[in-house]
file structure-v5.txt (compact mmCIF, C-alpha atoms)
# COMPACT_ATOMS: atom_id res chain seq x y z
CA MET I 350 13.22 -44.41 9.29
CA SER I 351 12.94 -41.94 6.42
CA GLN I 352 9.84 -40.05 5.45
CA THR I 353 8.62 -38.76 2.09
CA TYR I 354 7.62 -35.11 1.83
CA GLN I 355 5.72 -33.16 -0.79
CA ALA I 356 7.33 -29.74 -1.29
CA LYS I 357 5.79 -26.67 -2.92
CA VAL I 358 8.41 -24.08 -3.79
CA TYR I 359 7.53 -20.51 -4.77
CA VAL I 360 10.27 -18.56 -6.52
CA THR I 361 9.64 -14.84 -7.00
CA LEU I 362 11.70 -11.98 -8.35
CA ARG I 363 13.07 -9.66 -5.68
CA PRO I 364 10.93 -6.50 -5.45
CA SER I 365 13.81 -4.34 -6.73
CA VAL I 366 14.15 -6.39 -9.95
CA LEU I 367 12.18 -5.33 -13.02
CA ASP I 368 9.72 -7.92 -14.36
CA PRO I 369 9.18 -7.32 -18.10
CA ALA I 370 7.08 -10.50 -18.46
CA GLY I 371 4.79 -9.28 -15.70
CA THR I 372 4.48 -5.89 -17.38
CA ALA I 373 3.60 -7.63 -20.67
CA VAL I 374 0.90 -9.69 -18.96
CA GLN I 375 -0.51 -6.59 -17.28
CA SER I 376 -0.72 -4.75 -20.59
CA GLY I 377 -2.18 -7.88 -22.25
CA LEU I 378 -4.90 -8.01 -19.60
CA GLN I 379 -5.60 -4.30 -20.06
CA HIS I 380 -5.95 -4.79 -23.82
CA LEU I 381 -8.48 -7.54 -23.10
CA GLY I 382 -10.50 -4.97 -21.17
CA TYR I 383 -9.30 -5.65 -17.63
CA ASP I 384 -8.27 -2.08 -16.85
CA ASN I 385 -8.84 -2.74 -13.16
CA VAL I 386 -5.65 -4.82 -12.94
CA GLY I 387 -2.58 -3.39 -11.21
CA PRO I 388 1.03 -4.56 -11.25
CA VAL I 389 1.64 -8.22 -12.20
CA ARG I 390 4.70 -10.20 -11.06
CA ILE I 391 5.51 -13.61 -12.48
CA GLY I 392 7.38 -16.30 -10.64
CA LYS I 393 7.91 -20.03 -10.69
CA TYR I 394 6.04 -22.70 -8.81
CA VAL I 395 7.84 -26.01 -8.34
CA GLU I 396 6.33 -29.18 -6.89
CA LEU I 397 8.60 -32.04 -5.93
CA THR I 398 8.81 -35.01 -3.60
CA LEU I 399 11.83 -35.86 -1.51
CA THR I 400 12.70 -38.33 1.20
CA ALA I 401 14.51 -37.20 4.33
CA ALA I 402 15.12 -38.35 7.87
CA ASP I 403 12.82 -35.71 9.36
CA GLU I 404 11.27 -32.35 8.57
CA SER I 405 14.27 -30.31 9.64
CA ASP I 406 16.54 -32.42 7.41
CA ALA I 407 14.10 -31.91 4.52
CA ARG I 408 14.11 -28.13 5.11
CA THR I 409 17.91 -27.98 5.14
CA GLN I 410 18.12 -29.94 1.90
CA LEU I 411 15.43 -27.90 0.17
CA ASP I 412 17.17 -24.67 1.18
CA ARG I 413 20.34 -25.92 -0.46
CA MET I 414 18.50 -27.08 -3.61
CA CYS I 415 16.87 -23.66 -3.95
CA ASP I 416 20.18 -21.83 -3.52
CA GLN I 417 22.00 -24.13 -5.94
CA LEU I 418 19.48 -24.79 -8.68
CA LEU I 419 15.85 -23.83 -8.24
CA ALA I 420 16.31 -20.10 -7.65
CA ASN I 421 18.89 -17.48 -8.54
CA PRO I 422 19.57 -15.88 -5.14
CA VAL I 423 20.96 -12.73 -6.76
CA ILE I 424 17.61 -11.72 -8.22
CA GLU I 425 15.07 -14.12 -6.72
CA ASN I 426 13.54 -14.97 -3.37
CA TYR I 427 12.02 -18.30 -2.54
CA ARG I 428 9.83 -19.87 0.09
CA PHE I 429 8.46 -23.38 0.40
CA GLU I 430 5.86 -25.50 2.16
CA LEU I 431 6.48 -29.09 3.21
CA THR I 432 3.81 -31.69 3.83
CA PRO I 433 4.59 -35.24 4.90
CA ASN I 434 3.21 -37.80 2.47
CA PRO I 435 1.00 -40.40 4.10
CA MET G 501 -17.59 1.01 -3.26
CA SER G 502 -14.87 -1.06 -4.89
CA GLN G 503 -12.22 -3.04 -3.09
CA THR G 504 -8.65 -3.91 -4.04
CA TYR G 505 -7.61 -7.56 -3.89
CA GLN G 506 -4.24 -9.26 -3.97
CA ALA G 507 -4.42 -12.43 -6.06
CA LYS G 508 -1.98 -15.33 -6.08
CA VAL G 509 -2.47 -17.56 -9.11
CA TYR G 510 -0.90 -21.01 -9.42
CA VAL G 511 -0.75 -22.46 -12.91
CA THR G 512 0.27 -26.11 -13.17
CA LEU G 513 0.52 -28.57 -16.04
CA ARG G 514 -2.27 -31.15 -16.11
CA PRO G 515 -1.05 -34.45 -14.66
CA SER G 516 -1.37 -36.17 -18.05
CA VAL G 517 0.96 -33.66 -19.75
CA LEU G 518 4.70 -34.42 -19.88
CA ASP G 519 6.94 -31.85 -18.17
CA PRO G 520 10.40 -31.94 -19.78
CA ALA G 521 11.59 -28.93 -17.77
CA GLY G 522 10.62 -30.71 -14.56
CA THR G 523 12.47 -33.83 -15.68
CA ALA G 524 15.56 -31.72 -16.43
CA VAL G 525 15.43 -30.14 -12.98
CA GLN G 526 15.04 -33.55 -11.35
CA SER G 527 18.07 -34.90 -13.19
CA GLY G 528 20.01 -31.70 -12.40
CA LEU G 529 19.27 -32.17 -8.71
CA GLN G 530 20.32 -35.80 -8.89
CA HIS G 531 23.61 -34.80 -10.53
CA LEU G 532 24.16 -32.40 -7.63
CA GLY G 533 23.85 -35.36 -5.29
CA TYR G 534 20.18 -35.12 -4.32
CA ASP G 535 19.26 -38.67 -5.28
CA ASN G 536 16.42 -38.60 -2.75
CA VAL G 537 14.35 -36.34 -5.02
CA GLY G 538 11.36 -37.77 -6.86
CA PRO G 539 9.35 -36.31 -9.73
CA VAL G 540 9.49 -32.52 -10.22
CA ARG G 541 6.74 -30.49 -11.88
CA ILE G 542 7.21 -26.86 -12.83
CA GLY G 543 4.43 -24.33 -13.01
CA LYS G 544 3.88 -20.60 -12.93
CA TYR G 545 3.11 -18.39 -9.99
CA VAL G 546 1.48 -15.04 -10.76
CA GLU G 547 0.84 -12.25 -8.27
CA LEU G 548 -1.42 -9.39 -9.24
CA THR G 549 -3.71 -6.78 -7.75
CA LEU G 550 -7.16 -6.00 -9.05
CA THR G 551 -10.09 -3.89 -7.99
CA ALA G 552 -13.60 -5.32 -8.01
CA ALA G 553 -16.98 -4.64 -6.48
CA ASP G 554 -16.77 -7.63 -4.14
CA GLU G 555 -15.00 -10.96 -3.76
CA SER G 556 -17.38 -12.91 -5.98
CA ASP G 557 -16.91 -10.31 -8.75
CA ALA G 558 -13.12 -10.59 -8.32
CA ARG G 559 -13.32 -14.40 -8.57
CA THR G 560 -15.39 -14.25 -11.73
CA GLN G 561 -12.97 -11.83 -13.37
CA LEU G 562 -9.89 -13.82 -12.32
CA ASP G 563 -11.43 -17.02 -13.71
CA ARG G 564 -11.89 -15.27 -17.06
CA MET G 565 -8.34 -13.83 -17.00
CA CYS G 566 -6.91 -17.29 -16.33
CA ASP G 567 -8.92 -18.89 -19.13
CA GLN G 568 -8.06 -16.13 -21.61
CA LEU G 569 -4.44 -15.27 -20.84
CA LEU G 570 -2.77 -16.58 -17.70
CA ALA G 571 -3.24 -20.31 -18.33
CA ASN G 572 -3.68 -22.56 -21.33
CA PRO G 573 -6.77 -24.57 -20.35
CA VAL G 574 -5.92 -27.34 -22.83
CA ILE G 575 -2.78 -28.38 -20.94
CA GLU G 576 -2.86 -26.44 -17.67
CA ASN G 577 -4.88 -26.21 -14.49
CA TYR G 578 -5.02 -23.15 -12.31
CA ARG G 579 -6.14 -22.17 -8.85
CA PHE G 580 -5.94 -18.87 -7.05
CA GLU G 581 -6.18 -17.23 -3.64
CA LEU G 582 -7.67 -13.80 -3.08
CA THR G 583 -6.94 -11.53 -0.11
CA PRO G 584 -8.53 -8.11 0.31
CA ASN G 585 -5.95 -5.35 0.54
CA PRO G 586 -6.29 -3.17 3.63

call {"tool": "encode", "arguments": {"input": "structure-v5.txt", "output": "structure tokens"}}
result
Amino acid sequence: MSQTYQAKVYVTLRPSVLDPAGTAVQSGLQHLGYDNVGPVRIGKYVELTLTAADESDARTQLDRMCDQLLANPVIENYRFELTPNP
Amino acid sequence: MSQTYQAKVYVTLRPSVLDPAGTAVQSGLQHLGYDNVGPVRIGKYVELTLTAADESDARTQLDRMCDQLLANPVIENYRFELTPNP
């Protein structure tokens, strides 16, 4: 019996990696008058559905997908949340 | 007394808007052998810090920042989480 899961994947730059897009957004916000805004970091947010035998199988597969395609492990970290679809 | 907040902003395409990048990722995953993966949608994930008088002030300001710069309200939705920094 396989189960469908909804996955939310958050991909962020490692803290040691510079984020020029984030710096641009921060300075854009400050030019709009939001001078109370500190550092901005920009990442990716991926939603997908997958079917798997159970939650641990789904986690293993998602880990591999992130390492192979969704994230660049050299410069990015990722984490995800899984919810079973009804 | 002002307080610093950590904000996590999730920007997603409206459901009615096509997501070619998501479709490309889905087909990439399928070519890697993950044929159990359904539709993929790609959004942005923004982390920032801001100082505000209180949480309701911070929410108001973040709403304006999202409408003006972080999201494109015509094609995107956004939601955010606020946590007070210690």

call {"tool": "interface_residues", "arguments": {"input": "structure-v5.txt", "of": "chain G", "to": "chain I", "cutoff": "12 Å", "atoms": "all atoms listed in the file", "output": "mmCIF file with C-alpha atoms, keeping the file's coordinate frame"}}
result
data_model
loop_
_atom_site.group_PDB
_atom_site.id
_atom_site.type_symbol
_atom_site.label_atom_id
_atom_site.label_comp_id
_atom_site.auth_asym_id
_atom_site.auth_seq_id
_atom_site.Cartn_x
_atom_site.Cartn_y
_atom_site.Cartn_z
ATOM 1 C CA SER G 502 -14.870 -1.060 -4.890
ATOM 2 C CA GLN G 503 -12.220 -3.040 -3.090
ATOM 3 C CA THR G 504 -8.650 -3.910 -4.040
ATOM 4 C CA TYR G 505 -7.610 -7.560 -3.890
ATOM 5 C CA GLN G 506 -4.240 -9.260 -3.970
ATOM 6 C CA ALA G 507 -4.420 -12.430 -6.060
ATOM 7 C CA LYS G 508 -1.980 -15.330 -6.080
ATOM 8 C CA VAL G 509 -2.470 -17.560 -9.110
ATOM 9 C CA TYR G 510 -0.900 -21.010 -9.420
ATOM 10 C CA VAL G 511 -0.750 -22.460 -12.910
ATOM 11 C CA THR G 512 0.270 -26.110 -13.170
ATOM 12 C CA LEU G 513 0.520 -28.570 -16.040
ATOM 13 C CA PRO G 515 -1.050 -34.450 -14.660
ATOM 14 C CA ASP G 519 6.940 -31.850 -18.170
ATOM 15 C CA ALA G 521 11.590 -28.930 -17.770
ATOM 16 C CA GLY G 522 10.620 -30.710 -14.560
ATOM 17 C CA THR G 523 12.470 -33.830 -15.680
ATOM 18 C CA ALA G 524 15.560 -31.720 -16.430
ATOM 19 C CA VAL G 525 15.430 -30.140 -12.980
ATOM 20 C CA GLN G 526 15.040 -33.550 -11.350
ATOM 21 C CA SER G 527 18.070 -34.900 -13.190
ATOM 22 C CA GLY G 528 20.010 -31.700 -12.400
ATOM 23 C CA LEU G 529 19.270 -32.170 -8.710
ATOM 24 C CA GLN G 530 20.320 -35.800 -8.890
ATOM 25 C CA HIS G 531 23.610 -34.800 -10.530
ATOM 26 C CA LEU G 532 24.160 -32.400 -7.630
ATOM 27 C CA GLY G 533 23.850 -35.360 -5.290
ATOM 28 C CA TYR G 534 20.180 -35.120 -4.320
ATOM 29 C CA ASP G 535 19.260 -38.670 -5.280
ATOM 30 C CA ASN G 536 16.420 -38.600 -2.750
ATOM 31 C CA VAL G 537 14.350 -36.340 -5.020
ATOM 32 C CA GLY G 538 11.360 -37.770 -6.860
ATOM 33 C CA PRO G 539 9.350 -36.310 -9.730
ATOM 34 C CA VAL G 540 9.490 -32.520 -10.220
ATOM 35 C CA ARG G 541 6.740 -30.490 -11.880
ATOM 36 C CA ILE G 542 7.210 -26.860 -12.830
ATOM 37 C CA GLY G 543 4.430 -24.330 -13.010
ATOM 38 C CA LYS G 544 3.880 -20.600 -12.930
ATOM 39 C CA TYR G 545 3.110 -18.390 -9.990
ATOM 40 C CA VAL G 546 1.480 -15.040 -10.760
ATOM 41 C CA GLU G 547 0.840 -12.250 -8.270
ATOM 42 C CA LEU G 548 -1.420 -9.390 -9.240
ATOM 43 C CA THR G 549 -3.710 -6.780 -7.750
ATOM 44 C CA LEU G 550 -7.160 -6.000 -9.050
ATOM 45 C CA THR G 551 -10.090 -3.890 -7.990
ATOM 46 C CA ALA G 552 -13.600 -5.320 -8.010
ATOM 47 C CA ALA G 553 -16.980 -4.640 -6.480
ATOM 48 C CA ASP G 557 -16.910 -10.310 -8.750
ATOM 49 C CA ALA G 558 -13.120 -10.590 -8.320
ATOM 50 C CA GLN G 561 -12.970 -11.830 -13.370
ATOM 51 C CA LEU G 562 -9.890 -13.820 -12.320
ATOM 52 C CA ARG G 564 -11.890 -15.270 -17.060
ATOM 53 C CA MET G 565 -8.340 -13.830 -17.000
ATOM 54 C CA CYS G 566 -6.910 -17.290 -16.330
ATOM 55 C CA ASP G 567 -8.920 -18.890 -19.130
ATOM 56 C CA GLN G 568 -8.060 -16.130 -21.610
ATOM 57 C CA LEU G 569 -4.440 -15.270 -20.840
ATOM 58 C CA LEU G 570 -2.770 -16.580 -17.700
ATOM 59 C CA ALA G 571 -3.240 -20.310 -18.330
ATOM 60 C CA TYR G 578 -5.020 -23.150 -12.310
#

call {"tool": "calpha_fit_and_write", "arguments": {"input": "structure-v5.txt", "fixed": "chain I", "moving": "chain G", "output": "PDB file with C-alpha atoms, keeping the file's coordinate frame"}}
result
ATOM      1  CA  MET G 501      13.214 -44.442   9.254  1.00  0.00           C
ATOM      2  CA  SER G 502      12.933 -41.948   6.418  1.00  0.00           C
ATOM      3  CA  GLN G 503       9.831 -40.046   5.446  1.00  0.00           C
ATOM      4  CA  THR G 504       8.614 -38.767   2.086  1.00  0.00           C
ATOM      5  CA  TYR G 505       7.635 -35.107   1.826  1.00  0.00           C
ATOM      6  CA  GLN G 506       5.734 -33.151  -0.785  1.00  0.00           C
ATOM      7  CA  ALA G 507       7.328 -29.736  -1.283  1.00  0.00           C
ATOM      8  CA  LYS G 508       5.788 -26.679  -2.911  1.00  0.00           C
ATOM      9  CA  VAL G 509       8.410 -24.080  -3.784  1.00  0.00           C
ATOM     10  CA  TYR G 510       7.542 -20.508  -4.760  1.00  0.00           C
ATOM     11  CA  VAL G 511      10.261 -18.560  -6.525  1.00  0.00           C
ATOM     12  CA  THR G 512       9.635 -14.841  -6.985  1.00  0.00           C
ATOM     13  CA  LEU G 513      11.703 -11.979  -8.358  1.00  0.00           C
ATOM     14  CA  ARG G 514      13.075  -9.646  -5.690  1.00  0.00           C
ATOM     15  CA  PRO G 515      10.939  -6.505  -5.462  1.00  0.00           C
ATOM     16  CA  SER G 516      13.809  -4.342  -6.742  1.00  0.00           C
ATOM     17  CA  VAL G 517      14.160  -6.387  -9.954  1.00  0.00           C
ATOM     18  CA  LEU G 518      12.175  -5.322 -13.037  1.00  0.00           C
ATOM     19  CA  ASP G 519       9.731  -7.927 -14.375  1.00  0.00           C
ATOM     20  CA  PRO G 520       9.187  -7.330 -18.106  1.00  0.00           C
ATOM     21  CA  ALA G 521       7.099 -10.496 -18.471  1.00  0.00           C
ATOM     22  CA  GLY G 522       4.804  -9.282 -15.701  1.00  0.00           C
ATOM     23  CA  THR G 523       4.487  -5.896 -17.387  1.00  0.00           C
ATOM     24  CA  ALA G 524       3.599  -7.623 -20.673  1.00  0.00           C
ATOM     25  CA  VAL G 525       0.913  -9.692 -18.964  1.00  0.00           C
ATOM     26  CA  GLN G 526      -0.507  -6.596 -17.279  1.00  0.00           C
ATOM     27  CA  SER G 527      -0.724  -4.758 -20.590  1.00  0.00           C
ATOM     28  CA  GLY G 528      -2.186  -7.874 -22.256  1.00  0.00           C
ATOM     29  CA  LEU G 529      -4.904  -8.004 -19.614  1.00  0.00           C
ATOM     30  CA  GLN G 530      -5.611  -4.315 -20.060  1.00  0.00           C
ATOM     31  CA  HIS G 531      -5.952  -4.802 -23.823  1.00  0.00           C
ATOM     32  CA  LEU G 532      -8.484  -7.546 -23.093  1.00  0.00           C
ATOM     33  CA  GLY G 533     -10.504  -4.991 -21.164  1.00  0.00           C
ATOM     34  CA  TYR G 534      -9.299  -5.659 -17.619  1.00  0.00           C
ATOM     35  CA  ASP G 535      -8.278  -2.092 -16.844  1.00  0.00           C
ATOM     36  CA  ASN G 536      -8.841  -2.753 -13.140  1.00  0.00           C
ATOM     37  CA  VAL G 537      -5.640  -4.817 -12.942  1.00  0.00           C
ATOM     38  CA  GLY G 538      -2.590  -3.377 -11.213  1.00  0.00           C
ATOM     39  CA  PRO G 539       1.017  -4.560 -11.267  1.00  0.00           C
ATOM     40  CA  VAL G 540       1.649  -8.216 -12.193  1.00  0.00           C
ATOM     41  CA  ARG G 541       4.692 -10.195 -11.071  1.00  0.00           C
ATOM     42  CA  ILE G 542       5.517 -13.601 -12.494  1.00  0.00           C
ATOM     43  CA  GLY G 543       7.380 -16.290 -10.634  1.00  0.00           C
ATOM     44  CA  LYS G 544       7.907 -20.024 -10.673  1.00  0.00           C
ATOM     45  CA  TYR G 545       6.044 -22.691  -8.792  1.00  0.00           C
ATOM     46  CA  VAL G 546       7.839 -26.013  -8.324  1.00  0.00           C
ATOM     47  CA  GLU G 547       6.327 -29.176  -6.875  1.00  0.00           C
ATOM     48  CA  LEU G 548       8.593 -32.035  -5.916  1.00  0.00           C
ATOM     49  CA  THR G 549       8.800 -35.007  -3.592  1.00  0.00           C
ATOM     50  CA  LEU G 550      11.824 -35.862  -1.512  1.00  0.00           C
ATOM     51  CA  THR G 551      12.699 -38.329   1.192  1.00  0.00           C
ATOM     52  CA  ALA G 552      14.512 -37.194   4.321  1.00  0.00           C
ATOM     53  CA  ALA G 553      15.125 -38.354   7.857  1.00  0.00           C
ATOM     54  CA  ASP G 554      12.820 -35.728   9.356  1.00  0.00           C
ATOM     55  CA  GLU G 555      11.277 -32.358   8.562  1.00  0.00           C
ATOM     56  CA  SER G 556      14.272 -30.302   9.656  1.00  0.00           C
ATOM     57  CA  ASP G 557      16.536 -32.428   7.418  1.00  0.00           C
ATOM     58  CA  ALA G 558      14.093 -31.913   4.520  1.00  0.00           C
ATOM     59  CA  ARG G 559      14.109 -28.135   5.108  1.00  0.00           C
ATOM     60  CA  THR G 560      17.887 -27.989   5.140  1.00  0.00           C
ATOM     61  CA  GLN G 561      18.132 -29.946   1.898  1.00  0.00           C
ATOM     62  CA  LEU G 562      15.423 -27.892   0.170  1.00  0.00           C
ATOM     63  CA  ASP G 563      17.168 -24.656   1.184  1.00  0.00           C
ATOM     64  CA  ARG G 564      20.356 -25.933  -0.462  1.00  0.00           C
ATOM     65  CA  MET G 565      18.489 -27.080  -3.604  1.00  0.00           C
ATOM     66  CA  CYS G 566      16.878 -23.652  -3.942  1.00  0.00           C
ATOM     67  CA  ASP G 567      20.183 -21.827  -3.515  1.00  0.00           C
ATOM     68  CA  GLN G 568      22.006 -24.122  -5.949  1.00  0.00           C
ATOM     69  CA  LEU G 569      19.462 -24.794  -8.689  1.00  0.00           C
ATOM     70  CA  LEU G 570      15.826 -23.825  -8.230  1.00  0.00           C
ATOM     71  CA  ALA G 571      16.314 -20.092  -7.630  1.00  0.00           C
ATOM     72  CA  ASN G 572      18.881 -17.473  -8.526  1.00  0.00           C
ATOM     73  CA  PRO G 573      19.584 -15.878  -5.134  1.00  0.00           C
ATOM     74  CA  VAL G 574      20.975 -12.719  -6.757  1.00  0.00           C
ATOM     75  CA  ILE G 575      17.606 -11.718  -8.227  1.00  0.00           C
ATOM     76  CA  GLU G 576      15.071 -14.112  -6.708  1.00  0.00           C
ATOM     77  CA  ASN G 577      13.531 -14.960  -3.368  1.00  0.00           C
ATOM     78  CA  TYR G 578      12.028 -18.305  -2.539  1.00  0.00           C
ATOM     79  CA  ARG G 579       9.824 -19.862   0.088  1.00  0.00           C
ATOM     80  CA  PHE G 580       8.472 -23.362   0.397  1.00  0.00           C
ATOM     81  CA  GLU G 581       5.884 -25.492   2.167  1.00  0.00           C
ATOM     82  CA  LEU G 582       6.497 -29.075   3.211  1.00  0.00           C
ATOM     83  CA  THR G 583       3.799 -31.686   3.846  1.00  0.00           C
ATOM     84  CA  PRO G 584       4.583 -35.246   4.901  1.00  0.00           C
ATOM     85  CA  ASN G 585       3.206 -37.797   2.467  1.00  0.00           C
ATOM     86  CA  PRO G 586       0.981 -40.422   4.073  1.00  0.00           C
TER      87      PRO G 586
END

call {"tool": "atom_distance", "arguments": {"input": "structure-v5.txt", "atom1": "atom CA of Glu430 of chain I", "atom2": "atom CA of Thr409 of chain I"}}
result
12.7 Å

call {"tool": "closest_residue", "arguments": {"input": "structure-v5.txt", "among": "G:Glu555, G:Asn572, G:Met501, G:Arg514", "to": "Pro584 of chain G", "atoms": "all atoms listed in the file"}}
result
G:Glu555

call {"tool": "atom_distance", "arguments": {"input": "structure-v5.txt", "atom1": "atom CA of Leu431 of chain I", "atom2": "atom CA of Arg408 of chain I"}}
result
7.9 Å

call {"tool": "residues_around", "arguments": {"input": "structure-v5.txt", "residues": "Val366 of chain I", "least_positions_apart": "4", "cutoff": "10 Å", "atoms": "only C-alpha atoms", "output": "PyMOL selection string"}}
result
chain I and resi 362+423-425

call {"tool": "atom_distance", "arguments": {"input": "structure-v5.txt", "atom1": "atom CA of Pro586 of chain G", "atom2": "atom CA of Pro369 of chain I"}}
result
27.0 Å
